[in-house]
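Structure file model.csv (CSV, C-alpha atoms) follows.
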chain,number,residue,atom,x,y,z
A,1492,MET,CA,0.0,0.0,0.0
A,1493,ARG,CA,1.5,3.3,-1.1
A,1494,ASP,CA,1.9,5.7,1.8
A,1495,HIS,CA,0.3,9.0,0.8
A,1496,GLN,CA,1.6,12.2,2.3
A,1497,THR,CA,-0.7,13.5,5.0
A,1498,ASN,CA,-1.4,16.9,3.5
A,1499,ASP,CA,-4.0,19.1,5.1
A,1500,LEU,CA,-7.0,18.6,2.7
A,1501,SER,CA,-7.6,22.3,2.6
A,1502,ALA,CA,-4.2,23.0,1.1
A,1503,ASN,CA,-3.4,22.5,-2.6
A,1504,PRO,CA,-4.5,18.9,-3.3
A,1505,SER,CA,-2.4,18.6,-6.4
A,1506,ALA,CA,0.8,19.1,-4.5
A,1507,ASP,CA,1.4,15.4,-4.3
A,1508,ALA,CA,-0.2,14.5,-7.6
A,1509,SER,CA,3.0,13.0,-8.9
A,1510,ALA,CA,2.9,10.5,-6.0
A,1511,ASP,CA,0.5,8.1,-7.8
A,1512,ALA,CA,0.1,8.4,-11.5
A,1513,SER,CA,-2.7,5.8,-11.7
A,1514,ILE,CA,-5.1,8.1,-9.9
A,1515,ASN,CA,-6.6,10.9,-12.0
A,1516,HIS,CA,-6.4,14.0,-9.8
A,1517,GLU,CA,-8.4,16.2,-12.2
A,1518,TRP,CA,-12.2,16.2,-12.0
A,1519,PRO,CA,-13.7,16.3,-15.5
A,1520,LEU,CA,-15.5,19.4,-16.7
A,1521,TRP,CA,-19.3,19.4,-17.0
A,1522,GLU,CA,-21.7,21.8,-18.8
A,1523,VAL,CA,-24.7,22.8,-16.8
A,1524,PHE,CA,-28.2,23.5,-18.3
A,1525,VAL,CA,-31.0,25.0,-16.2
A,1526,ARG,CA,-34.7,25.2,-16.9
A,1527,THR,CA,-36.2,28.4,-15.4
A,1528,LYS,CA,-39.2,28.1,-13.2
A,1529,ALA,CA,-41.6,29.4,-15.9
A,1530,GLY,CA,-39.5,28.2,-18.9
A,1531,LEU,CA,-39.8,25.6,-21.5
A,1532,ASP,CA,-36.2,24.7,-22.4
A,1533,HIS,CA,-33.0,24.2,-20.5
A,1534,LYS,CA,-30.5,26.9,-21.1
A,1535,HIS,CA,-26.8,26.7,-20.8
A,1536,CYS,CA,-25.6,28.6,-17.7
A,1537,GLY,CA,-22.1,27.6,-17.1
A,1538,SER,CA,-19.7,24.8,-16.2
A,1539,LEU,CA,-18.2,23.1,-13.2
A,1540,HIS,CA,-15.8,20.3,-12.3
A,1541,ALA,CA,-17.1,17.2,-10.6
A,1542,ALA,CA,-16.0,13.6,-10.1
A,1543,ASP,CA,-19.1,11.9,-11.3
A,1544,PRO,CA,-22.7,12.5,-12.5
A,1545,GLN,CA,-24.3,12.5,-9.1
A,1546,LEU,CA,-21.8,15.0,-7.7
A,1547,ALA,CA,-22.2,17.1,-10.9
A,1548,ILE,CA,-25.9,17.4,-10.4
A,1549,GLN,CA,-25.6,18.3,-6.7
A,1550,LEU,CA,-22.9,20.9,-7.3
A,1551,ALA,CA,-24.9,22.4,-10.2
A,1552,ARG,CA,-27.8,22.8,-7.8
A,1553,ASP,CA,-25.5,24.5,-5.3
A,1554,VAL,CA,-23.7,26.8,-7.7
A,1555,TYR,CA,-26.3,27.6,-10.4
A,1556,THR,CA,-29.7,27.5,-8.7
A,1557,ARG,CA,-29.1,29.3,-5.5
A,1558,ARG,CA,-30.8,32.5,-6.7
A,1559,GLN,CA,-33.9,30.6,-7.6
A,1560,GLU,CA,-32.8,30.4,-11.2
A,1561,GLY,CA,-34.6,27.1,-12.0
A,1562,CYS,CA,-36.6,24.0,-11.4
A,1563,SER,CA,-34.6,21.4,-13.4
A,1564,VAL,CA,-31.0,20.8,-14.0
A,1565,TRP,CA,-29.1,18.9,-16.7
A,1566,VAL,CA,-25.4,18.2,-16.6
A,1567,VAL,CA,-23.4,16.8,-19.6
A,1568,ARG,CA,-19.8,16.0,-19.6
A,1569,SER,CA,-18.1,18.7,-21.7
A,1570,ASP,CA,-16.2,16.1,-23.8
A,1571,GLN,CA,-19.6,14.6,-24.8
A,1572,ILE,CA,-20.7,17.8,-26.5
A,1573,VAL,CA,-20.0,18.0,-30.2
A,1574,ALA,CA,-19.9,21.5,-31.6
A,1575,SER,CA,-19.9,22.9,-35.1
A,1576,ASP,CA,-16.6,24.1,-36.4
A,1577,PRO,CA,-16.4,28.0,-36.4
A,1578,ALA,CA,-14.5,27.8,-39.7
A,1579,ASP,CA,-17.6,26.3,-41.3
A,1580,LYS,CA,-19.8,29.1,-40.1
A,1581,ALA,CA,-20.3,30.7,-43.5
A,1582,MET,CA,-21.1,27.4,-45.3
A,1583,TYR,CA,-23.4,26.1,-42.5
A,1584,PHE,CA,-25.4,29.2,-41.7
A,1585,ASP,CA,-25.2,31.9,-44.3
A,1586,PRO,CA,-27.4,30.1,-46.9
A,1587,ALA,CA,-30.4,30.4,-44.6
A,1588,GLU,CA,-30.2,34.2,-44.6
A,1589,ASP,CA,-32.5,35.1,-47.5
A,1590,LYS,CA,-35.0,32.2,-47.6
A,1591,VAL,CA,-38.1,33.9,-46.3
A,1592,TYR,CA,-40.4,31.1,-47.5
A,1593,ARG,CA,-39.0,28.9,-44.7
A,1594,HIS,CA,-40.6,31.2,-42.1
A,1595,PRO,CA,-44.2,30.7,-41.1
A,1596,THR,CA,-45.1,34.3,-41.3
A,1597,PHE,CA,-47.8,34.2,-44.0
A,1598,TYR,CA,-50.3,32.2,-42.0
A,1599,LYS,CA,-52.6,34.1,-39.7
A,1600,LEU,CA,-53.4,32.1,-36.5
A,1601,PRO,CA,-57.0,32.0,-35.2
A,1602,PRO,CA,-57.2,34.3,-32.1
A,1603,GLU,CA,-57.9,31.3,-29.8
A,1604,VAL,CA,-54.3,30.0,-30.3
A,1605,ASP,CA,-52.5,33.2,-31.2
A,1606,HIS,CA,-50.4,33.4,-28.0
A,1607,MET,CA,-47.3,31.7,-29.2
B,751,MET,CA,-19.2,47.5,24.8
B,752,THR,CA,-22.8,46.4,25.1
B,753,ALA,CA,-24.0,44.6,28.2
B,754,SER,CA,-25.3,41.0,28.0
B,755,ILE,CA,-29.0,40.4,28.1
B,756,GLN,CA,-30.6,38.1,30.6
B,757,ILE,CA,-33.2,35.7,29.3
B,758,HIS,CA,-35.9,33.7,31.0
B,759,HIS,CA,-35.4,30.0,31.4
B,760,ASP,CA,-38.9,28.6,31.2
B,761,PRO,CA,-39.1,25.2,29.5
B,762,ALA,CA,-40.7,26.3,26.3
B,763,THR,CA,-38.1,29.0,25.7
B,764,GLN,CA,-35.3,26.5,26.5
B,765,TYR,CA,-36.7,24.0,24.1
B,766,LEU,CA,-36.8,26.6,21.3
B,767,LEU,CA,-33.3,27.9,22.1
B,768,ARG,CA,-31.8,24.5,22.1
B,769,LEU,CA,-32.9,24.1,18.5
B,770,GLY,CA,-32.3,27.7,17.5
B,771,ASP,CA,-28.8,27.8,19.0
B,772,THR,CA,-27.9,24.5,17.3
B,773,CYS,CA,-28.7,26.1,14.0
B,774,LEU,CA,-26.9,29.3,14.9
B,775,ILE,CA,-23.7,27.8,16.2
B,776,LEU,CA,-23.4,25.2,13.4
B,777,GLY,CA,-24.0,27.9,10.9
B,778,GLN,CA,-21.2,29.9,12.4
B,779,ARG,CA,-18.8,27.0,12.2
B,780,LEU,CA,-19.7,26.2,8.6
B,781,GLY,CA,-19.2,29.9,7.7
B,782,GLU,CA,-15.5,29.4,8.7
B,783,TRP,CA,-15.1,27.3,5.5
B,784,CYS,CA,-15.8,30.2,3.3
B,785,GLY,CA,-12.7,30.7,1.2
B,786,HIS,CA,-11.0,27.6,2.5
B,787,ALA,CA,-13.0,24.6,1.1
B,788,PRO,CA,-11.1,22.0,-1.0
B,789,VAL,CA,-12.9,23.0,-4.2
B,790,LEU,CA,-14.8,26.1,-5.3
B,791,GLU,CA,-18.1,24.4,-5.7
B,792,GLU,CA,-18.0,23.0,-2.2
B,793,ASP,CA,-17.0,26.4,-0.9
B,794,ILE,CA,-20.4,27.6,-2.3
B,795,ALA,CA,-22.2,24.5,-1.1
B,796,LEU,CA,-21.0,24.9,2.5
B,797,ALA,CA,-21.7,28.6,2.6
B,798,ASN,CA,-25.3,27.8,1.3
B,799,ILE,CA,-25.7,25.3,4.1
B,800,ALA,CA,-24.5,27.8,6.6
B,801,LEU,CA,-26.9,30.4,5.4
B,802,ASP,CA,-29.8,27.9,5.5
B,803,LEU,CA,-29.0,27.2,9.1
B,804,VAL,CA,-28.7,30.8,10.0
B,805,GLY,CA,-32.1,31.4,8.4
B,806,GLN,CA,-33.6,28.7,10.5
B,807,ALA,CA,-31.9,30.2,13.6
B,808,ARG,CA,-33.4,33.6,12.8
B,809,ALA,CA,-36.9,32.3,12.7
B,810,LEU,CA,-36.5,30.3,15.9
B,811,LEU,CA,-34.7,33.1,17.8
B,812,THR,CA,-37.3,35.6,16.8
B,813,HIS,CA,-40.0,33.3,18.0
B,814,ALA,CA,-38.2,32.4,21.2
B,815,GLY,CA,-37.4,36.0,22.0
B,816,ARG,CA,-41.0,37.3,22.0
B,817,SER,CA,-41.9,36.3,25.5
B,818,GLY,CA,-38.9,38.1,26.9
B,819,GLY,CA,-39.1,41.1,24.6
B,820,PHE,CA,-35.9,40.4,22.7
B,821,ASP,CA,-35.3,40.3,19.0
B,822,GLU,CA,-33.2,37.8,17.0
B,823,ASP,CA,-30.1,39.9,17.0
B,824,GLN,CA,-30.1,40.5,20.7
B,825,LEU,CA,-30.5,36.8,21.3
B,826,ALA,CA,-27.9,35.9,18.8
B,827,PHE,CA,-25.2,38.3,19.9
B,828,LEU,CA,-25.7,39.5,23.4
B,829,ARG,CA,-26.2,36.4,25.6
B,830,GLU,CA,-23.7,35.0,28.1
B,831,GLU,CA,-22.1,31.7,27.3
B,832,ARG,CA,-24.2,29.9,29.8
B,833,ASP,CA,-27.4,31.1,28.1
B,834,TYR,CA,-26.6,29.4,24.8
B,835,LEU,CA,-28.3,26.0,24.8
B,836,ASN,CA,-26.9,24.3,21.8
B,837,PRO,CA,-25.6,20.7,22.3
B,838,THR,CA,-21.8,20.7,22.5
B,839,LEU,CA,-21.5,18.8,19.2
B,840,VAL,CA,-22.1,21.9,17.0
B,841,GLU,CA,-19.6,24.2,18.8
B,842,LEU,CA,-16.6,21.9,18.2
B,843,PRO,CA,-14.0,23.5,15.8
B,844,ARG,CA,-14.6,22.9,12.1
B,845,GLY,CA,-11.8,20.3,11.7
B,846,ASP,CA,-10.9,18.9,8.3
B,847,PHE,CA,-13.4,18.2,5.5
B,848,ALA,CA,-14.1,14.7,6.8
B,849,PHE,CA,-14.9,16.0,10.3
B,850,THR,CA,-17.2,18.7,8.8
B,851,VAL,CA,-19.0,16.2,6.6
B,852,LEU,CA,-19.6,13.7,9.3
B,853,ARG,CA,-20.8,16.3,11.8
B,854,ASN,CA,-23.1,17.8,9.1
B,855,LEU,CA,-24.5,14.3,8.6
B,856,MET,CA,-25.1,13.7,12.3
B,857,VAL,CA,-26.8,17.0,12.8
B,858,SER,CA,-28.8,17.2,9.6
B,859,THR,CA,-30.2,13.7,10.1
B,860,TRP,CA,-31.3,14.7,13.6
B,861,LEU,CA,-32.7,18.1,12.4
B,862,LYS,CA,-34.7,16.4,9.7
B,863,LEU,CA,-36.3,14.1,12.2
B,864,ILE,CA,-37.1,17.0,14.6
B,865,TRP,CA,-38.5,19.2,11.8
B,866,ALA,CA,-40.7,16.3,10.7
B,867,ALA,CA,-42.1,15.9,14.2
B,868,LEU,CA,-42.4,19.7,14.8
B,869,ALA,CA,-44.7,20.1,11.7
B,870,GLU,CA,-47.3,18.6,14.1
B,871,SER,CA,-46.6,21.1,16.9
B,872,ASN,CA,-49.4,22.8,18.8
B,873,ASP,CA,-47.4,26.0,18.2
B,874,ALA,CA,-48.5,27.2,14.8
B,875,GLU,CA,-45.5,29.3,14.1
B,876,LEU,CA,-43.1,26.5,15.1
B,877,ALA,CA,-45.0,24.2,12.8
B,878,ALA,CA,-44.7,26.7,9.9
B,879,ILE,CA,-40.9,27.1,10.5
B,880,ALA,CA,-40.6,23.3,10.5
B,881,GLY,CA,-42.5,23.0,7.3
B,882,LYS,CA,-40.0,25.1,5.5
B,883,ALA,CA,-36.8,23.9,7.3
B,884,ILE,CA,-37.4,20.3,6.6
B,885,LYS,CA,-36.7,20.7,2.9
B,886,GLU,CA,-33.4,22.3,3.7
B,887,ALA,CA,-32.5,19.6,6.2
B,888,ARG,CA,-33.3,16.9,3.7
B,889,TYR,CA,-30.9,18.4,1.2
B,890,HIS,CA,-28.2,18.9,3.9
B,891,GLN,CA,-28.5,15.2,4.8
B,892,GLN,CA,-28.2,14.1,1.2
B,893,HIS,CA,-25.2,16.4,0.6
B,894,SER,CA,-23.3,15.2,3.6
B,895,ALA,CA,-24.3,11.5,3.1
B,896,ASP,CA,-23.0,11.6,-0.5
B,897,TRP,CA,-19.7,13.1,0.7
B,898,LEU,CA,-19.3,10.6,3.5
B,899,VAL,CA,-19.8,7.7,1.2
B,900,ARG,CA,-17.2,9.1,-1.2
B,901,LEU,CA,-14.7,9.8,1.5
B,902,GLY,CA,-15.3,6.6,3.5
B,903,ASP,CA,-15.3,4.4,0.4
B,904,GLY,CA,-12.5,6.4,-1.1
B,905,THR,CA,-8.7,6.3,-0.8
B,906,ALA,CA,-6.8,5.1,2.2
B,907,GLU,CA,-6.2,8.7,3.2
B,908,SER,CA,-9.8,9.7,3.1
B,909,LYS,CA,-10.9,6.6,5.0
B,910,ARG,CA,-8.3,7.3,7.7
B,911,ARG,CA,-9.6,10.8,8.2
B,912,CYS,CA,-13.2,9.5,8.4
B,913,ASP,CA,-12.2,7.1,11.1
B,914,ILE,CA,-10.5,9.8,13.0
B,915,ALA,CA,-13.6,12.0,12.7
B,916,LEU,CA,-15.9,9.2,13.8
B,917,SER,CA,-13.8,8.5,16.9
B,918,ALA,CA,-13.8,12.2,17.8
B,919,LEU,CA,-17.5,13.0,17.1
B,920,TRP,CA,-19.5,9.9,17.9
B,921,ARG,CA,-19.6,10.4,21.7
B,922,TYR,CA,-21.2,13.9,21.3
B,923,ALA,CA,-24.3,12.4,19.7
B,924,ALA,CA,-25.6,10.9,23.0
B,925,GLU,CA,-26.5,14.4,24.3
B,926,LEU,CA,-29.0,14.7,21.4
B,927,PHE,CA,-31.1,11.8,22.7
B,928,ASP,CA,-31.1,12.2,26.5
B,929,ASP,CA,-34.4,13.6,27.9
B,930,ASP,CA,-34.8,16.0,30.8
B,931,ALA,CA,-37.5,18.3,32.2
B,932,VAL,CA,-37.5,20.5,29.1
B,933,ASP,CA,-38.3,17.5,26.9
B,934,ALA,CA,-41.0,16.3,29.3
B,935,ALA,CA,-42.6,19.7,29.3
B,936,ALA,CA,-42.5,20.0,25.5
B,937,HIS,CA,-44.0,16.6,25.1
B,938,ALA,CA,-46.7,17.3,27.7
B,939,THR,CA,-47.8,20.6,26.1
B,940,GLY,CA,-47.6,19.4,22.5
B,941,LEU,CA,-44.8,21.9,21.7
B,942,GLY,CA,-42.6,19.2,20.3
B,943,PRO,CA,-41.2,15.7,20.7
B,944,ALA,CA,-38.9,14.6,23.5
B,945,TRP,CA,-35.5,14.3,21.8
B,946,SER,CA,-35.1,10.7,22.9
B,947,SER,CA,-38.0,9.7,20.6
B,948,LEU,CA,-35.8,10.3,17.6
B,949,HIS,CA,-33.0,8.1,18.6
B,950,ALA,CA,-34.0,4.8,17.0
B,951,GLN,CA,-34.7,6.4,13.6
B,952,TRP,CA,-31.5,8.4,13.8
B,953,ARG,CA,-29.4,5.4,14.5
B,954,ALA,CA,-31.0,3.5,11.6
B,955,GLU,CA,-30.4,6.3,9.1
B,956,MET,CA,-26.8,6.8,10.3
B,957,ALA,CA,-26.1,3.1,10.1
B,958,GLU,CA,-27.3,2.9,6.5
B,959,VAL,CA,-25.0,5.7,5.4
B,960,LEU,CA,-22.0,4.4,7.4
B,961,ALA,CA,-22.5,0.9,5.9
B,962,GLU,CA,-22.5,2.3,2.4
B,963,ALA,CA,-19.4,4.3,3.3
B,964,THR,CA,-17.7,1.1,4.6
B,965,LEU,CA,-17.2,2.8,8.0
B,966,ALA,CA,-17.9,1.5,11.5
B,967,ALA,CA,-19.3,3.7,14.3
B,968,PRO,CA,-17.4,3.5,17.5
B,969,GLU,CA,-19.0,1.8,20.6
B,970,ASP,CA,-21.3,4.1,22.5
B,971,SER,CA,-19.6,5.6,25.5
B,972,VAL,CA,-20.8,6.8,28.9
B,973,PHE,CA,-19.4,10.3,28.1
B,974,ARG,CA,-22.1,13.0,28.1
B,975,SER,CA,-21.5,16.5,26.8
B,976,THR,CA,-23.6,19.1,28.5
B,977,GLY,CA,-24.0,22.0,26.0
B,978,LYS,CA,-27.8,22.0,26.0
B,979,ARG,CA,-27.8,22.9,29.7
B,980,GLY,CA,-25.5,25.8,29.0
B,981,VAL,CA,-22.4,24.1,30.2
B,982,HIS,CA,-20.1,24.3,27.2
B,983,SER,CA,-16.7,23.0,26.1
B,984,GLU,CA,-13.6,25.3,26.0
B,985,HIS,CA,-14.4,26.0,22.3
B,986,MET,CA,-17.6,27.9,22.9
B,987,GLY,CA,-15.9,30.9,24.5
B,988,ARG,CA,-13.7,31.5,21.6
B,989,LEU,CA,-16.5,31.0,19.1
B,990,LEU,CA,-18.7,33.6,20.9
B,991,ALA,CA,-15.8,36.1,21.3
B,992,GLU,CA,-15.5,36.1,17.5
B,993,MET,CA,-19.2,36.0,16.8
B,994,GLN,CA,-20.2,38.7,19.3
B,995,HIS,CA,-17.3,41.1,19.1
B,996,LEU,CA,-18.6,43.3,16.3
B,997,GLN,CA,-22.1,43.7,17.7
B,998,ARG,CA,-20.9,44.4,21.2
B,999,SER,CA,-18.4,47.0,19.9
B,1000,PHE,CA,-20.8,48.7,17.6
B,1001,PRO,CA,-24.3,48.2,19.1
B,1002,GLY,CA,-27.1,48.1,16.5
B,1003,GLY,CA,-24.6,48.1,13.7
B,1004,ALA,CA,-26.0,47.2,10.3
B,1005,TRP,CA,-24.9,46.9,6.7
Please express what this file holds, its structure, as structure tokens.
Amino acid sequence: MRDHQTNDLSANPSADASADASINHEWPLWEVFVRTKAGLDHKHCGSLHAADPQLAIQLARDVYTRRQEGCSVWVVRSDQIVASDPADKAMYFDPAEDKVYRHPTFYKLPPEVDHM
Amino acid sequence: MTASIQIHHDPATQYLLRLGDTCLILGQRLGEWCGHAPVLEEDIALANIALDLVGQARALLTHAGRSGGFDEDQLAFLREERDYLNPTLVELPRGDFAFTVLRNLMVSTWLKLIWAALAESNDAELAAIAGKAIKEARYHQQHSADWLVRLGDGTAESKRRCDIALSALWRYAAELFDDDAVDAAAHATGLGPAWSSLHAQWRAEMAEVLAEATLAAPEDSVFRSTGKRGVHSEHMGRLLAEMQHLQRSFPGGAW
């Protein structure tokens, strides 16, 4: 059994990181999404480090909902998120610019459902 | 410097202050972690828990102070040491993270059970306070239980620190479950449960978490701490000196 240094836990925990290379001393990064109390969709509100999914949810609750920001929390490991390449921005998104026929603006909703 | 206030020691007030002072003093100890926790997110979490407890203390002290004409601030900051009625468990210094987590678990499990019982109190205001506080206590219990499992069933170092924390803290739990005249009066008037009535459930819930954390509670000892009778450990004086100094130096000071 390797004998770990007895550092005070409140001091820098990575000071003896080199002592055992088989342990990952970095917590992975998670992206946090919160649905507001009156909202319909979860919105990205920030990120945090956590050791595992359960801790990530609990820390997200502590850090990102303490001012009553929401009623539901999602966490996703940052390395699971696939993002579009900024270099492709022109190719991906500019063509949609002048295609007015794709927008539902020419249909008049009946008053009974016209609250969207 | 402002002089101390003198409170009445009728059983109902004592019952309320035992609970309110538990929340106040533990909130004070947890506040000492601010800026010193092992990770930023836990710094915020512990501060949140401290604030929840201080909020519960405010409600209880306001309610307890009415009969004597004192407000929450006077009760919080201007009593003599012997008039604080928190069990000794919560005044112990904050220790390391394992110590804090274990103490939080012991206290939050107990508070959750008390709040659940107090929701049925004859005292409407106390029942209302309990209805709100129990949600906070449930979260505090889950937070500290999760951490104790991670630390107990973690590395050799974290387990060692948990064992040290257990051997230091376990004996202070007994005070939470001994009855005296205050409990008898509360039970008779329907103000709240005798504290001993919570023991079995507390033991069961603690045992469940300790088992999952692969930790073993020490044997029960005959040691009894005496904080709830106002007879405190040597740590209480220093805690109060720090907590009271500003209010006594600048009476009525506010942000």
(request) Select, from B:Arg844, B:Ile879, B:Thr812, B:Arg911, the residue with the minimum atom-to-atom distance to Cys784 (chain B), counting all atoms listed in the file. (result) B:Arg844
Residues of region 1511-1541 of chain A that approach region 1562-1586 of chain A to 6 Å or less, counting all atoms listed in the file: could you list each one with the shortest pair of atoms and its distance in Å to one decimal, rows by chain and increasing residue number, as a Markdown table?
| residue | atom | partner | partner_atom | distance |
| --- | --- | --- | --- | --- |
| A:Leu1520 | CA | A:Ser1569 | CA | 5.7 |
| A:Trp1521 | CA | A:Arg1568 | CA | 4.3 |
| A:Glu1522 | CA | A:Val1567 | CA | 5.3 |
| A:Val1523 | CA | A:Val1566 | CA | 4.7 |
| A:Phe1524 | CA | A:Trp1565 | CA | 5.0 |
| A:Val1525 | CA | A:Val1564 | CA | 4.7 |
| A:Arg1526 | CA | A:Ser1563 | CA | 5.2 |
| A:Thr1527 | CA | A:Cys1562 | CA | 6.0 |
| A:Lys1528 | CA | A:Cys1562 | CA | 5.2 |
(request) May I ask which of the residues A:Val1604, A:Val1554, A:Ile1548, A:Ala1542 is the closest one to His1516 (chain A), counting all atoms listed in the file? (result)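 Checking each of A:Val1604, A:Val1554, A:Ile1548, A:Ala1542 against His1516 (chain A), counting all atoms listed in the file, the winner is A:Ala1542.
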(message) I need the contact residues of chain B against chain A, so if you could list those with any atom within 8 Å, counting all atoms listed in the file, and return them as a ChimeraX atom specification, that would help.
(response) /B:786-788,791-792,794-795,798,846-847,893,907
(message) When you count only C-alpha atoms, which of these residues is closest to Gly781 (chain B): B:Gln764, B:Leu861, B:Asp793, B:Gly1003?
(response)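 Residue with the minimum atom-to-atom distance to Gly781 (chain B): B:Asp793.
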(request) Would you kindly return, as a PyMOL selection string, each protein, DNA or RNA residue with an atom no farther than 7 Å from any atom of Ser754 (chain B), considering all atoms listed in the file and excluding same-chain residues fewer than 5 positions away? (result) chain B and resi 828-830
(request) For CA of Ser983 (chain B) and CA of Ala923 (chain B), determine how far apart the two atoms are, in Å to one decimal place. (result)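 So the answer is 14.5 Å.
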(request) Figure out the distance between CA of His758 (chain B) and CA of Leu842 (chain B), please, to one decimal in Å. (result)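 Those two atoms sit 26.0 Å apart.
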(request) May I ask for the distance between CA of His985 (chain B) and CA of Val840 (chain B), given in Å to one decimal place? (result)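 Straight-line distance from CA of His985 (chain B) to CA of Val840 (chain B) works out to 10.2 Å.
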(message) Quick one: residues within 7 Å of region 991-994 of chain B, only C-alpha atoms, excluding same-chain residues fewer than 3 positions away - as JSON, numbers by chain?
(response) {"B": [827, 828, 987, 988, 997, 998]}
(message) So that I can see what lies close to Leu901 (chain B), please list as an MDAnalysis selection string the residues with an atom at most 12 Å from it, counting all atoms listed in the file and leaving out residues fewer than 2 positions away in the same chain.
(response) (chainID A and resid 1500) or (chainID B and resid 846:852 894:899 903:913 915 959:960 962:965)
Please complete region 1553-1568 of chain A so it has N, CA and C atoms, and hand it over as a PDB file, keeping the file's coordinate frame.
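And here is the file that came out, part-v5.pdb:
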ATOM      1  N   ASP A1553     -26.085  23.541  -6.257  1.00  0.00           N
ATOM      2  CA  ASP A1553     -25.500  24.500  -5.300  1.00  0.00           C
ATOM      3  C   ASP A1553     -25.001  25.737  -5.917  1.00  0.00           C
ATOM      4  N   VAL A1554     -24.406  25.607  -7.100  1.00  0.00           N
ATOM      5  CA  VAL A1554     -23.700  26.800  -7.700  1.00  0.00           C
ATOM      6  C   VAL A1554     -24.659  27.571  -8.592  1.00  0.00           C
ATOM      7  N   TYR A1555     -25.518  26.897  -9.361  1.00  0.00           N
ATOM      8  CA  TYR A1555     -26.300  27.600 -10.400  1.00  0.00           C
ATOM      9  C   TYR A1555     -27.751  27.760 -10.147  1.00  0.00           C
ATOM     10  N   THR A1556     -28.262  27.284  -9.009  1.00  0.00           N
ATOM     11  CA  THR A1556     -29.700  27.500  -8.700  1.00  0.00           C
ATOM     12  C   THR A1556     -29.917  28.188  -7.408  1.00  0.00           C
ATOM     13  N   ARG A1557     -28.892  28.750  -6.816  1.00  0.00           N
ATOM     14  CA  ARG A1557     -29.100  29.300  -5.500  1.00  0.00           C
ATOM     15  C   ARG A1557     -29.864  30.570  -5.446  1.00  0.00           C
ATOM     16  N   ARG A1558     -30.000  31.244  -6.603  1.00  0.00           N
ATOM     17  CA  ARG A1558     -30.800  32.500  -6.700  1.00  0.00           C
ATOM     18  C   ARG A1558     -32.148  32.163  -7.330  1.00  0.00           C
ATOM     19  N   GLN A1559     -32.630  30.985  -7.118  1.00  0.00           N
ATOM     20  CA  GLN A1559     -33.900  30.600  -7.600  1.00  0.00           C
ATOM     21  C   GLN A1559     -33.949  30.632  -9.164  1.00  0.00           C
ATOM     22  N   GLU A1560     -32.811  30.271  -9.786  1.00  0.00           N
ATOM     23  CA  GLU A1560     -32.800  30.400 -11.200  1.00  0.00           C
ATOM     24  C   GLU A1560     -33.616  29.299 -11.907  1.00  0.00           C
ATOM     25  N   GLY A1561     -33.893  28.163 -11.227  1.00  0.00           N
ATOM     26  CA  GLY A1561     -34.600  27.100 -12.000  1.00  0.00           C
ATOM     27  C   GLY A1561     -35.246  26.047 -11.212  1.00  0.00           C
ATOM     28  N   CYS A1562     -35.887  25.136 -11.964  1.00  0.00           N
ATOM     29  CA  CYS A1562     -36.600  24.000 -11.400  1.00  0.00           C
ATOM     30  C   CYS A1562     -36.089  22.683 -11.901  1.00  0.00           C
ATOM     31  N   SER A1563     -35.174  22.703 -12.837  1.00  0.00           N
ATOM     32  CA  SER A1563     -34.600  21.400 -13.400  1.00  0.00           C
ATOM     33  C   SER A1563     -33.227  21.674 -13.864  1.00  0.00           C
ATOM     34  N   VAL A1564     -32.383  20.689 -13.636  1.00  0.00           N
ATOM     35  CA  VAL A1564     -31.000  20.800 -14.000  1.00  0.00           C
ATOM     36  C   VAL A1564     -30.530  19.648 -14.851  1.00  0.00           C
ATOM     37  N   TRP A1565     -29.812  19.934 -15.946  1.00  0.00           N
ATOM     38  CA  TRP A1565     -29.100  18.900 -16.700  1.00  0.00           C
ATOM     39  C   TRP A1565     -27.643  19.122 -16.603  1.00  0.00           C
ATOM     40  N   VAL A1566     -26.874  18.042 -16.525  1.00  0.00           N
ATOM     41  CA  VAL A1566     -25.400  18.200 -16.600  1.00  0.00           C
ATOM     42  C   VAL A1566     -24.944  17.212 -17.712  1.00  0.00           C
ATOM     43  N   VAL A1567     -23.994  17.657 -18.490  1.00  0.00           N
ATOM     44  CA  VAL A1567     -23.400  16.800 -19.600  1.00  0.00           C
ATOM     45  C   VAL A1567     -21.907  16.986 -19.483  1.00  0.00           C
ATOM     46  N   ARG A1568     -21.215  15.880 -19.574  1.00  0.00           N
ATOM     47  CA  ARG A1568     -19.800  16.000 -19.600  1.00  0.00           C
ATOM     48  C   ARG A1568     -19.351  16.804 -20.828  1.00  0.00           C
TER      49      ARG A1568
END
